[in-house]
Amino acid sequence: MDLLNAFITLANFVIVPAIAYGSQLALGALGVTLIYGILRFSNFAHGDTMAFGTMITILITWLFQSWGLSLGVFPTALLALPFGIAGCALFVLMTDRAVYRFYRVQKAKPVILVIVSMGVMFIMNGVVRFIIGPDDHAFGDGERFIISARTFREMTGLQEGLAIRTSTGITVITAIIVVAILFWFLNKTRTGKSMRAYSDNEDLALLSGINPERVVMVTWIIVAALATVAGTLYGLDKSFKAFTYFQLLLPIFASAIVGGLGSPVGAIAGGFIIAFSEVLVTYAWKKVLVYALPDGIGPDGLAQLLSTDYKFAVSFLILLIVLLFRPTGLFKGKSV
Amino acid sequence: MSSSNPYQDDRGNKDRSIANPAGQGSPMPRSKSGKVSSAPGGPFLIGENMTGGYGKGPDILHDCTISVERGEIAVIVGPNGAGKSTAMKAVFGMLEVRSGRVLLDGEDITQLTPQDRVVKGMGFVPQTSNIFTSLTVEENLEMGAFIRTDDFRDTMAQVYDLFPILKEKRRQPAGELSGGQRQQVAVGRALMTKPKVLMLDEPTAGVSPIVMDELFDRIIEVARTGIPILMVEQNARQALEIADKGFVLVQGRNAFTDTGKALMADPEVRRSFLGG
């Protein structure tokens, strides 16, 4: 029995990856929840918005790399990220002008906008594959590890190593900064308050002199920024593939709904709940159990509850349970 | 409302995990303001010979005239469905006025959007959904002052003086307040723009008689500061008592128009609308 090694193994294979994945989902879910709260529909194109922003970031990263520009130990993608955000914001604003605004002027029912966003999803999906192709792209460079498993073992003398990758560290720190700025913006600034007012009561916001088109524009820009940051961090952590980003829509929606649609705090909590449950259920527990249990009674098999192929099923199971017992989500959202 | 518009049809969708109907806006007759022309003379605010209805629907108002002079309280009373609120919305530009015009302070503002009328100095308190429930009381007032670029702290202090309970509860979400307090927030929010005229749509709807008396007192206090008030009221007797001018509407038409006192004394008005 060796609890310390058991914990290190758990941290290395479950806790650290789940925190990184959770941060990425939380940033994605924040975008979904903002659109739901302010523009009043579930944006099915969100996964592909992430893919588009990430694609721009990757293209700029390649350009910088060809110029020999780099950030040393940090990935060059961080330098390209602001350009990715700008490109994505521009694309999303153009989409709004060309597509969504027509329905907004008509005061179309939200469910119609949901279907419209599905159309936008297919087009964005096609645009991304057309430009960068359907293949996998790894675009991380710089130092790979903050602490590698070997260094950790040498430092501590333990049997098991705990590796913390640069992308993980960057993900968590970036997510904290982005979330802090977002909450400050929504709660303290005039524009942020006007966005909350518009979300609360559109007509009264209009009567107070709040310009709805401006609120919508600011919302799209923030959503584009969140999507690009989330997508780039996910891509740095794993790799970029248009189809994977489209699939990310599922856990992201699950996160937003579990937390409570329309509630930013809920989106963050939901992201981590979904991430941890996915990783916990699909992790092969054998090694941890062998360390944690008394000698001789460790499992023979892998002790894996579900194959990783089923990880999306986990998000939906949790979604189902939460909706059954707490339909507004864990933090009081707007959906009933 | 306008069922002819297919975009307004949600096809029976009740799934709120994809669609969020809460707080969605209603269609407005125009999204861009037209010209403002000068029209000197006449009362401070007047909706003159207004005929109109919602969207492409039938006319609800027929040649209806509503006005208020400087320093006065004018009330619109009448039976249910007489078009009282509709008349007020027409004055505020929230429904299509097909003929007739709206004048404010010597200007023809018929072609303006509601938000541009706010900029011109009109304050409007709708009957329902008249506060931001998820925002705190103070944030509600701040949003009321959204169009102002100057320092509005003294206006906020004045509102707090007028409604001391709001100062106590300024950090609470407005949705947690009682009905009477919510109405105070709603009136306070409208006062934050320093309006030249205040329009109240049934400010005492759904509050207890004691709270109603208090609200009327406050409204008189606001009027004493020099802001003309145009008000729709369900409680005709009490409203006419404090009114300088009363408009009795029946089926979208002006039935009686006189001073509040004269209307109270008119035997026909008493018999038909004030319960004897």
# chains A, B, ... in the order shown; residues from 1 in each chain; ligands from 1
>>> interface_residues(of="chain A", to="chain B", cutoff="9 Å", atoms="only C-alpha atoms", output="PyMOL selection string")
chain A and resi 36-37+39-43+103+105-114+190+193-194+196-211+257+261+328+334-336
>>> residues_around(residues="Met212 in chain B", least_positions_apart="5", cutoff="12 Å", atoms="only C-alpha atoms", output="JSON, numbers by chain")
{"B": [179, 180, 181, 183, 184, 202, 203, 204, 205, 206, 207, 217, 218, 219, 233, 234, 235, 238, 239]}
>>> residues_around(residues="range 58-65 of chain B", least_positions_apart="2", cutoff="7 Å", atoms="only C-alpha atoms", output="short mmCIF file (atom, residue, chain, number, x, y, z; two decimals) with N, CA and C atoms, in the first residue's frame")
data_model
loop_
_atom_site.label_atom_id
_atom_site.label_comp_id
_atom_site.auth_asym_id
_atom_site.auth_seq_id
_atom_site.Cartn_x
_atom_site.Cartn_y
_atom_site.Cartn_z
N GLY B 47 -50.88 64.11 -27.91
CA GLY B 47 -51.10 63.13 -28.97
C GLY B 47 -52.41 63.53 -29.61
N GLU B 48 -52.32 64.03 -30.86
CA GLU B 48 -53.46 64.72 -31.45
C GLU B 48 -54.16 63.83 -32.46
N ASN B 49 -55.45 63.62 -32.32
CA ASN B 49 -56.26 62.86 -33.28
C ASN B 49 -55.59 61.56 -33.71
N MET B 50 -55.10 60.81 -32.72
CA MET B 50 -54.35 59.59 -33.05
C MET B 50 -55.31 58.47 -33.44
N THR B 51 -54.99 57.82 -34.58
CA THR B 51 -55.70 56.62 -35.00
C THR B 51 -54.62 55.58 -35.27
N GLY B 52 -54.79 54.38 -34.74
CA GLY B 52 -53.75 53.38 -34.98
C GLY B 52 -53.96 52.11 -34.19
N GLY B 53 -53.12 51.11 -34.45
CA GLY B 53 -53.17 49.83 -33.76
C GLY B 53 -51.82 49.14 -33.82
N LYS B 56 -49.91 45.10 -38.05
CA LYS B 56 -50.84 45.25 -39.18
C LYS B 56 -52.28 45.06 -38.71
N SER B 67 -53.53 65.01 -23.86
CA SER B 67 -52.50 66.06 -23.73
C SER B 67 -52.22 66.35 -22.26
N GLY B 83 -58.58 51.12 -24.38
CA GLY B 83 -57.43 51.63 -25.11
C GLY B 83 -56.63 52.66 -24.34
N ALA B 87 -53.34 54.17 -25.85
CA ALA B 87 -53.20 55.60 -26.14
C ALA B 87 -51.85 56.11 -25.64
N GLY B 252 -61.50 53.34 -27.47
CA GLY B 252 -60.50 54.03 -28.26
C GLY B 252 -60.87 55.43 -28.70
N ARG B 253 -62.00 55.93 -28.17
CA ARG B 253 -62.40 57.29 -28.52
C ARG B 253 -62.48 58.14 -27.27
N ASN B 254 -62.28 59.45 -27.42
CA ASN B 254 -62.47 60.36 -26.30
C ASN B 254 -63.96 60.43 -25.98
#
>>> select_by_dssp(residues="range 147-300 of chain A", states="alpha helix (DSSP H)", output="PyMOL selection string")
chain A and resi 149-156+166-188+190-200+202-207+212-237+242-259+264-282+286-292
>>> residues_around(residues="range 83-93 of chain A", least_positions_apart="3", cutoff="6 Å", atoms="only C-alpha atoms", output="PyMOL selection string")
chain A and resi 53+56-57+80+96+221+224-225+228
>>> write_last_selection(atoms="C-alpha atoms", output="JSON list (two decimals), in the first residue's frame")
[["chain", "number", "residue", "atom", "x", "y", "z"],
["A", 53, "GLY", "CA", -10.75, 31.33, -34.35],
["A", 56, "ILE", "CA", -6.79, 31.92, -37.80],
["A", 57, "THR", "CA", -4.48, 31.61, -34.79],
["A", 80, "ALA", "CA", -0.87, 34.91, -32.64],
["A", 96, "ASP", "CA", -24.40, 38.60, -37.52],
["A", 221, "ILE", "CA", -16.90, 40.22, -29.83],
["A", 224, "ALA", "CA", -15.50, 35.36, -30.38],
["A", 225, "ALA", "CA", -12.69, 36.10, -27.93],
["A", 228, "THR", "CA", -10.85, 31.59, -29.85]]
>>> atom_distance(atom1="CA of Pro134 in chain A", atom2="CA of Lys241 in chain A")
6.5 Å
>>> select_by_dssp(residues="range 65-167 of chain B", states="strand (DSSP E)", output="JSON, numbers by chain")
{"B": [65, 66, 67, 68, 73, 74, 75, 76, 77, 96, 97, 98, 99, 100, 101, 102, 103, 104, 107, 108, 122, 123, 124, 125]}
>>> atom_distance(atom1="CA of Met121 in chain A", atom2="CA of Ala138 in chain A")
23.4 Å
>>> atom_distance(atom1="CA of Leu186 in chain A", atom2="CA of Pro264 in chain A")
9.9 Å
>>> residues_around(residues="Leu69 in chain A", least_positions_apart="5", cutoff="12 Å", atoms="only C-alpha atoms", output="VMD selection string")
chain A and resid 60 to 64 74 to 80 141 to 142
>>> residues_around(residues="Ile177 in chain A", least_positions_apart="4", cutoff="12 Å", atoms="only C-alpha atoms", output="PyMOL selection string")
chain A and resi 23+27+170-173+181-184+226+229
>>> residues_around(residues="Phe312 in chain A", least_positions_apart="6", cutoff="12 Å", atoms="only C-alpha atoms", output="mmCIF file with C-alpha atoms, in the first residue's frame")
data_model
loop_
_atom_site.group_PDB
_atom_site.id
_atom_site.type_symbol
_atom_site.label_atom_id
_atom_site.label_comp_id
_atom_site.auth_asym_id
_atom_site.auth_seq_id
_atom_site.Cartn_x
_atom_site.Cartn_y
_atom_site.Cartn_z
ATOM 1 C CA GLN A 247 -17.824 17.436 -31.472
ATOM 2 C CA LEU A 248 -16.735 19.642 -28.569
ATOM 3 C CA LEU A 249 -20.119 21.316 -28.910
ATOM 4 C CA LEU A 250 -21.647 18.410 -26.989
ATOM 5 C CA PRO A 251 -19.652 18.594 -23.727
ATOM 6 C CA ILE A 252 -19.751 22.404 -23.930
ATOM 7 C CA PHE A 253 -23.545 22.450 -24.083
ATOM 8 C CA ALA A 254 -23.685 19.882 -21.326
ATOM 9 C CA SER A 255 -21.458 22.132 -19.173
ATOM 10 C CA ILE A 274 -18.245 17.539 -16.971
ATOM 11 C CA ALA A 275 -14.467 17.403 -17.429
ATOM 12 C CA SER A 277 -16.610 13.082 -14.669
ATOM 13 C CA GLU A 278 -15.486 12.309 -18.214
ATOM 14 C CA VAL A 279 -11.913 11.729 -17.154
ATOM 15 C CA VAL A 281 -15.177 7.422 -15.657
ATOM 16 C CA THR A 282 -12.960 6.704 -18.651
ATOM 17 C CA LEU A 306 -16.143 3.010 -19.738
ATOM 18 C CA ILE A 318 -24.872 13.969 -15.993
ATOM 19 C CA LEU A 319 -26.931 16.391 -18.029
#
>>> closest_residue(among="A:Ile146, A:Val215, A:Val99, A:Ile222", to="Thr191 in chain A", atoms="only C-alpha atoms")
A:Val215
